[in-house]
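Structure file entry38.txt (compact mmCIF, C-alpha atoms) is printed below.
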# COMPACT_ATOMS: atom_id res chain seq x y z
CA MET A 335 24.87 -32.65 117.06
CA GLU A 336 26.63 -32.13 120.41
CA ILE A 337 30.03 -32.39 118.69
CA ARG A 338 29.05 -29.67 116.20
CA VAL A 339 27.87 -27.34 119.00
CA PHE A 340 31.12 -27.91 120.89
CA CYS A 341 33.18 -27.11 117.77
CA VAL A 342 31.20 -23.91 117.14
CA LEU A 343 31.68 -22.74 120.75
CA ALA A 344 35.41 -23.47 120.61
CA LEU A 345 35.70 -21.51 117.35
CA LEU A 346 33.85 -18.53 118.86
CA LEU A 347 36.09 -18.53 121.96
CA PHE A 348 39.23 -18.67 119.82
CA SER A 349 38.06 -15.83 117.59
CA SER A 350 37.08 -13.64 120.57
CA SER A 351 40.51 -14.12 122.24
CA PHE A 352 42.22 -13.31 118.94
CA LEU A 353 40.22 -10.08 118.64
CA GLN A 354 41.13 -9.08 122.20
CA VAL A 355 44.82 -9.60 121.49
CA ALA A 356 44.57 -7.57 118.31
CA ARG A 357 42.79 -4.73 120.15
CA GLY A 358 45.43 -4.80 122.90
CA GLN A 359 48.16 -4.40 120.31
CA THR A 360 46.49 -1.39 118.68
CA ASP A 361 45.24 0.22 121.90
CA PRO A 362 46.87 3.69 122.14
CA ALA A 363 46.66 3.53 125.96
CA ALA A 364 49.19 0.71 125.94
CA GLU A 365 51.56 2.31 123.47
CA VAL A 366 55.22 2.41 124.46
CA VAL A 367 57.45 4.96 122.82
CA GLU A 368 61.02 3.76 122.54
CA GLY A 369 63.33 6.72 122.69
CA THR A 370 66.61 4.92 122.14
CA GLU A 371 66.24 3.84 118.53
CA GLU A 372 67.62 6.79 116.58
CA ALA A 373 69.28 9.94 117.82
CA GLY A 374 67.87 11.83 114.86
CA ASP A 375 64.30 10.88 115.78
CA LEU A 376 64.85 12.22 119.30
CA GLY A 377 66.35 15.45 118.03
CA ILE A 378 69.39 15.33 120.30
CA VAL A 379 71.20 18.64 120.01
CA GLY A 380 74.32 18.00 122.09
CA ASP A 381 75.97 19.48 125.13
CA ASP A 382 76.55 23.05 123.87
CA VAL A 383 73.17 24.26 125.09
CA GLN A 384 71.63 26.25 127.91
CA ASP A 385 72.67 25.38 131.45
CA PHE A 386 69.63 24.56 133.55
CA SER A 387 71.56 23.98 136.79
CA SER A 388 70.59 27.42 138.11
CA GLU A 389 66.89 26.74 137.48
CA SER A 390 64.72 24.74 139.86
CA TYR A 391 61.41 23.24 138.77
CA THR A 392 58.92 20.98 140.47
CA PRO A 393 57.92 17.53 139.14
CA ALA A 394 54.62 17.19 137.34
CA ALA A 395 51.86 14.96 138.67
CA GLY A 396 51.61 11.54 137.05
CA VAL A 397 55.19 11.52 135.72
CA GLU A 398 57.62 8.86 136.92
CA THR A 399 61.27 8.35 136.05
CA VAL A 400 63.80 5.55 136.48
CA CYS A 401 67.50 5.22 135.68
CA VAL A 402 69.54 2.27 134.41
CA PHE A 403 73.27 1.89 133.74
CA PRO A 404 72.99 -0.68 130.92
CA LYS A 405 76.69 -1.44 130.49
CA ASN A 406 77.79 -0.63 134.02
CA PRO A 407 75.51 -2.09 136.73
CA SER A 408 78.20 -1.59 139.39
CA LYS A 409 78.23 2.18 138.63
CA VAL A 410 82.03 2.35 138.37
CA VAL A 411 83.03 5.36 136.25
CA ALA A 412 86.54 5.87 134.91
CA ALA A 413 87.74 9.48 135.06
CA GLY A 414 87.78 11.09 131.63
CA VAL A 415 86.00 8.17 129.97
CA GLU A 416 82.48 8.58 128.59
CA SER A 417 79.73 6.58 130.29
CA GLU A 418 76.12 5.94 129.34
CA LEU A 419 72.90 5.74 131.32
CA LEU A 420 69.27 5.38 130.24
CA VAL A 421 66.45 7.50 131.63
CA GLY A 422 63.05 5.82 131.58
CA MET A 423 60.00 8.07 131.70
CA LYS A 424 56.34 7.13 132.24
CA ASN A 425 53.55 9.57 131.52
CA ASP A 426 50.34 8.78 133.39
CA GLY A 427 48.97 12.27 132.81
CA GLU A 428 46.54 13.58 130.21
CA SER A 429 48.93 15.78 128.20
CA HIS A 430 51.98 15.24 126.04
CA LEU A 431 55.43 15.71 127.55
CA ASN A 432 58.01 17.64 125.56
CA ILE A 433 61.50 16.67 126.69
CA ILE A 434 63.82 19.69 126.89
CA ALA A 435 67.10 18.41 128.32
CA ILE A 436 68.90 15.98 130.61
CA GLN A 437 71.64 17.18 132.92
CA ALA A 438 73.65 15.85 135.87
CA SER A 439 76.17 16.99 138.46
CA VAL A 440 78.69 15.40 140.82
CA HIS A 441 78.70 16.23 144.54
CA LEU A 442 80.53 15.18 147.67
CA PRO A 443 78.65 12.29 149.30
CA PHE A 444 78.49 13.79 152.80
CA ASP A 445 77.16 17.21 151.70
CA HIS A 446 75.51 18.01 148.37
CA ARG A 447 76.17 21.71 148.89
CA TYR A 448 79.75 21.03 147.79
CA LEU A 449 79.59 20.79 144.01
CA VAL A 450 82.45 18.87 142.42
CA GLN A 451 81.51 19.13 138.74
CA ASN A 452 78.62 20.10 136.51
CA LEU A 453 78.32 17.50 133.77
CA SER A 454 77.20 18.10 130.21
CA VAL A 455 73.64 19.17 129.36
CA GLN A 456 72.01 17.08 126.63
CA ALA A 457 69.14 18.86 124.89
CA PHE A 458 66.31 17.49 122.72
CA ASN A 459 64.32 19.11 119.93
CA ASN A 460 61.32 16.91 119.20
CA ALA A 461 61.28 14.21 121.89
CA THR A 462 57.77 13.73 123.28
CA VAL A 463 55.99 11.23 125.49
CA PRO A 464 52.27 10.81 124.80
CA PRO A 465 49.75 10.21 127.60
CA SER A 466 49.72 6.68 129.03
CA ALA A 467 53.03 5.90 127.35
CA GLN A 468 56.63 5.24 128.26
CA ALA A 469 59.90 6.37 126.71
CA THR A 470 63.61 5.82 127.22
CA PHE A 471 66.25 8.48 126.62
CA PRO A 472 70.04 8.02 126.57
CA TYR A 473 72.42 10.31 128.41
CA MET A 474 76.18 10.32 127.87
CA PHE A 475 78.46 11.89 130.46
CA ALA A 476 82.11 11.91 131.54
CA VAL A 477 83.65 13.12 134.77
CA SER A 478 86.87 15.12 134.65
CA LYS A 479 90.04 13.15 134.02
CA PHE A 480 91.63 15.07 136.91
CA MET A 481 89.01 13.93 139.44
CA GLN A 482 90.41 12.10 142.43
CA PRO A 483 89.34 8.44 142.58
CA GLY A 484 86.72 7.71 145.23
CA SER A 485 82.99 7.68 145.95
CA PHE A 486 80.85 10.61 144.81
CA ASP A 487 77.13 11.30 144.48
CA LEU A 488 75.63 11.71 141.01
CA VAL A 489 72.44 13.79 140.74
CA GLY A 490 70.63 13.59 137.40
CA THR A 491 67.53 15.53 136.34
CA ILE A 492 65.35 15.58 133.26
CA ILE A 493 63.59 18.83 132.27
CA TYR A 494 60.37 18.73 130.27
CA GLU A 495 57.36 20.87 129.36
CA ILE A 496 53.63 20.31 129.71
CA ASP A 497 51.41 22.96 128.11
CA GLN A 498 54.42 25.32 127.91
CA ASN A 499 55.13 24.96 131.65
CA ALA A 500 58.56 23.65 132.66
CA TYR A 501 58.97 20.76 135.11
CA GLN A 502 61.79 18.51 136.18
CA ASN A 503 62.26 15.07 137.77
CA VAL A 504 65.32 13.74 139.56
CA PHE A 505 65.88 10.37 137.88
CA TYR A 506 69.01 9.45 139.87
CA ASN A 507 70.46 10.54 143.19
CA GLY A 508 73.00 7.98 144.30
CA THR A 509 76.62 6.98 144.59
CA ILE A 510 79.08 6.30 141.79
CA GLU A 511 82.64 5.04 142.14
CA VAL A 512 85.21 7.08 140.21
CA THR A 513 88.41 5.24 139.27
CA GLU A 514 91.52 6.16 137.36
CA PRO A 515 91.46 5.41 133.62
CA GLY A 516 93.07 2.09 132.81
CA GLY A 517 90.87 -0.33 134.76
CA LEU A 518 91.34 -1.76 138.19
CA LEU A 519 95.16 -1.37 138.17
CA SER A 520 95.66 2.17 139.49
CA VAL A 521 98.60 3.96 141.08
CA GLU A 522 96.95 3.73 144.48
CA SER A 523 96.35 -0.01 144.22
CA VAL A 524 99.95 -0.62 143.08
CA PHE A 525 101.27 1.46 145.99
CA LEU A 526 99.15 -0.43 148.51
CA PHE A 527 100.27 -3.75 147.08
CA CYS A 528 103.96 -2.78 147.30
CA LEU A 529 103.46 -1.51 150.85
CA ALA A 530 101.84 -4.78 151.90
CA VAL A 531 104.70 -6.80 150.36
CA ALA A 532 107.30 -4.64 152.15
CA LEU A 533 105.55 -5.03 155.51
CA LEU A 534 105.35 -8.80 155.06
CA GLY A 535 109.06 -8.89 154.19
CA LEU A 536 110.01 -6.91 157.30
CA LEU A 537 107.87 -9.18 159.45
CA GLY A 538 109.59 -12.24 157.96
CA PHE A 539 113.08 -10.81 158.69
CA TRP A 540 112.07 -10.00 162.27
CA ILE A 541 110.75 -13.52 162.89
CA ARG A 542 113.93 -15.00 161.40
CA GLY A 543 116.12 -12.84 163.67
CA GLN A 544 114.17 -13.90 166.75
CA ILE A 545 114.59 -17.57 165.87
CA GLN A 546 118.35 -17.13 165.35
CA ASN A 547 118.74 -15.38 168.72
CA LEU A 548 116.92 -18.19 170.51
CA SER A 549 119.12 -20.82 168.86
CA LYS A 550 122.33 -18.97 169.87
CA LYS A 551 121.21 -18.70 173.48
CA THR A 552 120.51 -22.42 173.55
CA LYS A 553 124.02 -23.27 172.27
CA ARG A 554 125.80 -20.96 174.76
CA ALA A 555 124.03 -22.38 177.85
CA PRO A 556 126.71 -23.94 180.30
CA LYS A 557 126.55 -27.65 180.89
CA ALA A 558 125.93 -28.92 184.43
CA LYS A 559 129.17 -30.17 186.13
CA VAL A 560 129.10 -33.59 187.70
CA GLU A 561 131.30 -33.82 190.79
CA VAL A 562 133.03 -37.14 191.29
CA GLY A 563 134.04 -37.78 194.90
CA THR A 564 136.80 -40.09 196.23
CA ALA A 565 135.77 -43.25 197.89
CA THR A 566 136.85 -43.57 201.53
CA THR A 567 137.20 -46.80 203.40
CA ASP A 568 135.26 -46.76 206.56
CA ALA A 569 136.19 -48.81 209.57
CA SER A 570 132.74 -50.25 209.72
CA THR A 571 133.10 -51.45 206.14
CA GLY A 572 136.09 -53.69 207.08
CA GLU A 573 134.19 -55.33 209.90
CA TRP A 574 131.60 -57.03 207.74
CA LEU A 575 134.25 -57.95 205.12
CA GLN A 576 136.36 -59.89 207.62
CA GLY A 577 136.71 -63.58 206.81
CA THR A 578 135.93 -63.08 203.13
CA ALA A 579 138.25 -63.60 200.18
CA TYR A 580 138.54 -59.85 199.74
CA SER A 581 139.91 -59.39 203.32
CA GLN A 582 142.42 -62.22 202.83
CA SER A 583 143.72 -60.74 199.59
CA GLN A 584 144.16 -57.41 201.30
CA ALA A 585 146.08 -59.03 204.17
CA ASN A 586 148.40 -60.84 201.71
CA LYS A 587 149.15 -57.53 199.94
CA LEU A 588 150.13 -55.94 203.25
CA LYS A 589 152.49 -58.82 204.12
CA LYS A 590 154.24 -58.58 200.78
CA LYS A 591 154.77 -54.87 201.25
CA LYS A 592 156.42 -55.51 204.62

Show me the file's structure as structure tokens.
Amino acid sequence: MEIRVFCVLALLLFSSSFLQVARGQTDPAAEVVEGTEEAGDLGIVGDDVQDFSSESYTPAAGVETVCVFPKNPSKVVAAGVESELLVGMKNDGESHLNIIAIQASVHLPFDHRYLVQNLSVQAFNNATVPPSAQATFPYMFAVSKFMQPGSFDLVGTIIYEIDQNAYQNVFYNGTIEVTEPGGLLSVESVFLFCLAVALLGLLGFWIRGQIQNLSKKTKRAPKAKVEVGTATTDASTGEWLQGTAYSQSQANKLKKKK
């Protein structure tokens, strides 16, 4: 009897957890709208649309945005080459969001008042984000191929409508690194490499010349002269040699000379 009761309770717990999972999957409050599946579903028009850079709107309450560079986490952008970023949008409000456009601009990093380039405006026709939902929208951009390599600030905004009122959120305001097309090997890097090699070569020649000069000075240094004096016979020396074989031989030599 106890085993049957235990089996019935276990079956009820399993069925209740299964129902909760099923409800969580069909709950509209947890619905996530993926906006990167098909460009046709999003109604992407292109970049030949109205320029919203002169307009300034405020962000709506309950709307949050994030930005991801999916294929370029280091945010290195080649001049003239198209790059992609994804704009994530979360709607915690009570009304639908109608996405109008995404736009971006490039500024000098030390002062955003100096505009370097207005990038393309990407418009949407039927992209919406329901309440309590999330969506992701792609944005393709390319900086000018004539842009000087270096660090610049990218400012990206997304414009949307709620109840026919326009709003905008800044989804990215940070630094990107612009490089010359062709990868890491640029004219500037080649020039710096050649300059470094030339400086190292000059330093090597200078060190070699210094070593040669030191060796020549060492060879030309005059040798110390050793003076050899003549031995003189002192009178006191003959006194203590008297009576020895040496004094007798000297006396015999003197007699022969006479």

Interatomic distance between CA of Asn452 in chain A and CA of Gln502 in chain A?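 Between CA of Asn452 in chain A and CA of Gln502 in chain A the gap is 16.9 Å.
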
Find the residues near Val463 in chain A: any atom within 8 Å, counting all atoms listed in the file, skip ones fewer than 4 places away on the same chain, and give them as an mmCIF file with C-alpha atoms, in the coordinates of the input.
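For reference, out_2.cif as written:
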data_model
loop_
_atom_site.group_PDB
_atom_site.id
_atom_site.type_symbol
_atom_site.label_atom_id
_atom_site.label_comp_id
_atom_site.auth_asym_id
_atom_site.auth_seq_id
_atom_site.Cartn_x
_atom_site.Cartn_y
_atom_site.Cartn_z
ATOM 1 C CA VAL A 367 57.450 4.960 122.820
ATOM 2 C CA LYS A 424 56.340 7.130 132.240
ATOM 3 C CA ASN A 425 53.550 9.570 131.520
ATOM 4 C CA HIS A 430 51.980 15.240 126.040
ATOM 5 C CA LEU A 431 55.430 15.710 127.550
ATOM 6 C CA ASN A 432 58.010 17.640 125.560
ATOM 7 C CA ILE A 433 61.500 16.670 126.690
ATOM 8 C CA ALA A 467 53.030 5.900 127.350
ATOM 9 C CA GLN A 468 56.630 5.240 128.260
ATOM 10 C CA ALA A 469 59.900 6.370 126.710
#

A:Gly422, A:Gly543, A:Pro443, A:Pro515: which is nearest Val397 in chain A, counting all atoms listed in the file? A:Gly422

Determine the nearest neighbour of Gln456 in chain A from the options A:Tyr473, A:Phe480, A:Phe444, A:Phe539, counting all atoms listed in the file. A:Tyr473

In Å, rounded to a single decimal, give me how far CA of Phe475 in chain A is from CA of Ala413 in chain A.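 Result for CA of Ala413 in chain A versus CA of Phe475 in chain A: 10.6 Å, one decimal.
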
Would you mind reading off the distance between CA of Leu453 in chain A and CA of Cys401 in chain A, one decimal, in Å?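 Going from CA of Leu453 in chain A over to CA of Cys401 in chain A covers 16.5 Å.
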
Near-His441 in chain A list (6 Å; all atoms listed in the file; drop same-chain fewer than 3 positions) as a list of chain:residue names: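 The neighbour list is A:His446, A:Tyr448, A:Leu449, A:Val450, A:Asp487.
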
Give me, as number ranges by chain, all polymer residues having an atom no more than 9 Å from Leu488 in chain A, counting all atoms listed in the file and skipping those fewer than 4 positions away in the same chain. A: 438-443, 506-510

Size and centre in Å, one decimal, axis-aligned box, all listed range 437-444 of chain A atoms plus 6 Å per side, as JSON:
{"center_x": 76.1, "center_y": 14.7, "center_z": 142.9, "size_x": 20.9, "size_y": 16.9, "size_z": 31.9}

I need the residue nearest Ala412 in chain A from this list: A:Asp497, A:Glu511, A:Thr470, A:Glu428. Use only C-alpha atoms for the distance.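 Of the candidates, the smallest distance to Ala412 in chain A is held by A:Glu511.
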
Of A:Gln482, A:Thr491, A:Ser454, A:Thr399, the one sitting nearest Thr513 in chain A when using all atoms listed in the file is A:Gln482

Atoms kept (all heavy atoms) for range 424-440 of chain A, as a short mmCIF file (atom, residue, chain, number, x, y, z; two decimals), in the first residue's frame:
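In the end it all went to selection_2.cif:
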data_model
loop_
_atom_site.label_atom_id
_atom_site.label_comp_id
_atom_site.auth_asym_id
_atom_site.auth_seq_id
_atom_site.Cartn_x
_atom_site.Cartn_y
_atom_site.Cartn_z
N LYS A 424 15.64 44.93 -25.92
CA LYS A 424 14.73 44.31 -24.95
C LYS A 424 13.62 45.29 -24.62
O LYS A 424 13.89 46.44 -24.27
CB LYS A 424 15.50 43.93 -23.69
CG LYS A 424 14.65 43.23 -22.63
CD LYS A 424 15.49 42.90 -21.42
CE LYS A 424 14.66 42.20 -20.37
NZ LYS A 424 15.45 41.90 -19.15
N ASN A 425 12.40 44.83 -24.77
CA ASN A 425 11.23 45.67 -24.54
C ASN A 425 10.55 45.23 -23.26
O ASN A 425 9.85 44.22 -23.21
CB ASN A 425 10.26 45.58 -25.72
CG ASN A 425 9.05 46.49 -25.56
OD1 ASN A 425 9.03 47.35 -24.68
ND2 ASN A 425 8.04 46.30 -26.39
N ASP A 426 10.74 46.02 -22.19
CA ASP A 426 10.06 45.75 -20.92
C ASP A 426 8.83 46.63 -20.74
O ASP A 426 8.26 46.68 -19.64
CB ASP A 426 11.03 45.99 -19.75
CG ASP A 426 12.10 44.92 -19.68
OD1 ASP A 426 11.83 43.78 -20.13
OD2 ASP A 426 13.21 45.21 -19.18
N GLY A 427 8.44 47.33 -21.79
CA GLY A 427 7.27 48.19 -21.71
C GLY A 427 5.98 47.44 -21.96
O GLY A 427 5.95 46.20 -22.02
N GLU A 428 4.91 48.20 -22.17
CA GLU A 428 3.59 47.61 -22.36
C GLU A 428 3.09 47.74 -23.80
O GLU A 428 1.98 47.29 -24.10
CB GLU A 428 2.57 48.28 -21.41
CG GLU A 428 2.91 48.10 -19.94
CD GLU A 428 1.93 48.80 -19.03
OE1 GLU A 428 1.05 49.52 -19.58
OE2 GLU A 428 2.03 48.65 -17.80
N SER A 429 3.89 48.35 -24.68
CA SER A 429 3.46 48.55 -26.07
C SER A 429 4.49 47.96 -27.02
O SER A 429 5.66 47.74 -26.66
CB SER A 429 3.31 50.05 -26.37
OG SER A 429 2.37 50.65 -25.48
N HIS A 430 4.04 47.71 -28.25
CA HIS A 430 4.92 47.20 -29.28
C HIS A 430 5.90 48.30 -29.72
O HIS A 430 5.56 49.48 -29.76
CB HIS A 430 4.12 46.71 -30.48
CG HIS A 430 3.49 45.37 -30.25
ND1 HIS A 430 2.46 45.16 -29.36
CD2 HIS A 430 3.75 44.15 -30.81
CE1 HIS A 430 2.09 43.89 -29.37
NE2 HIS A 430 2.87 43.26 -30.24
N LEU A 431 7.10 47.86 -30.09
CA LEU A 431 8.09 48.75 -30.67
C LEU A 431 8.15 48.52 -32.17
O LEU A 431 8.26 47.38 -32.62
CB LEU A 431 9.48 48.51 -30.08
CG LEU A 431 9.65 48.61 -28.56
CD1 LEU A 431 11.10 48.33 -28.20
CD2 LEU A 431 9.24 49.98 -28.07
N ASN A 432 8.07 49.58 -32.94
CA ASN A 432 8.24 49.50 -34.38
C ASN A 432 9.61 50.07 -34.74
O ASN A 432 9.85 51.28 -34.57
CB ASN A 432 7.13 50.27 -35.10
CG ASN A 432 5.76 49.69 -34.84
OD1 ASN A 432 5.59 48.47 -34.81
ND2 ASN A 432 4.77 50.56 -34.64
N ILE A 433 10.50 49.22 -35.21
CA ILE A 433 11.85 49.65 -35.53
C ILE A 433 11.82 50.43 -36.84
O ILE A 433 11.31 49.95 -37.86
CB ILE A 433 12.81 48.45 -35.63
CG1 ILE A 433 12.69 47.58 -34.38
CG2 ILE A 433 14.23 48.93 -35.82
CD1 ILE A 433 12.98 48.30 -33.10
N ILE A 434 12.40 51.62 -36.81
CA ILE A 434 12.44 52.48 -38.01
C ILE A 434 13.77 52.33 -38.73
O ILE A 434 13.80 52.03 -39.93
CB ILE A 434 12.20 53.95 -37.64
CG1 ILE A 434 10.83 54.11 -36.97
CG2 ILE A 434 12.31 54.84 -38.86
CD1 ILE A 434 10.57 55.53 -36.48
N ALA A 435 14.88 52.54 -38.03
CA ALA A 435 16.18 52.52 -38.70
C ALA A 435 17.29 52.37 -37.69
O ALA A 435 17.11 52.61 -36.48
CB ALA A 435 16.39 53.78 -39.53
N ILE A 436 18.45 51.97 -38.20
CA ILE A 436 19.70 51.93 -37.44
C ILE A 436 20.72 52.78 -38.20
O ILE A 436 20.85 52.65 -39.42
CB ILE A 436 20.23 50.50 -37.27
CG1 ILE A 436 19.25 49.66 -36.45
CG2 ILE A 436 21.60 50.50 -36.59
CD1 ILE A 436 19.66 48.21 -36.32
N GLN A 437 21.43 53.61 -37.49
CA GLN A 437 22.44 54.46 -38.12
C GLN A 437 23.64 54.58 -37.18
O GLN A 437 23.54 54.31 -35.98
CB GLN A 437 21.89 55.85 -38.43
CG GLN A 437 21.51 56.66 -37.20
CD GLN A 437 21.00 58.04 -37.54
OE1 GLN A 437 20.76 58.35 -38.71
NE2 GLN A 437 20.82 58.87 -36.54
N ALA A 438 24.76 55.01 -37.74
CA ALA A 438 25.99 55.17 -36.96
C ALA A 438 26.85 56.26 -37.59
O ALA A 438 26.65 56.65 -38.75
CB ALA A 438 26.76 53.86 -36.88
N SER A 439 27.80 56.75 -36.81
CA SER A 439 28.72 57.79 -37.28
C SER A 439 30.06 57.59 -36.60
O SER A 439 30.16 56.99 -35.52
CB SER A 439 28.17 59.19 -36.98
OG SER A 439 27.89 59.35 -35.60
N VAL A 440 31.11 58.13 -37.24
CA VAL A 440 32.47 58.01 -36.75
C VAL A 440 32.96 59.40 -36.33
O VAL A 440 32.80 60.37 -37.08
CB VAL A 440 33.41 57.41 -37.81
CG1 VAL A 440 34.83 57.28 -37.28
CG2 VAL A 440 32.90 56.05 -38.26
#
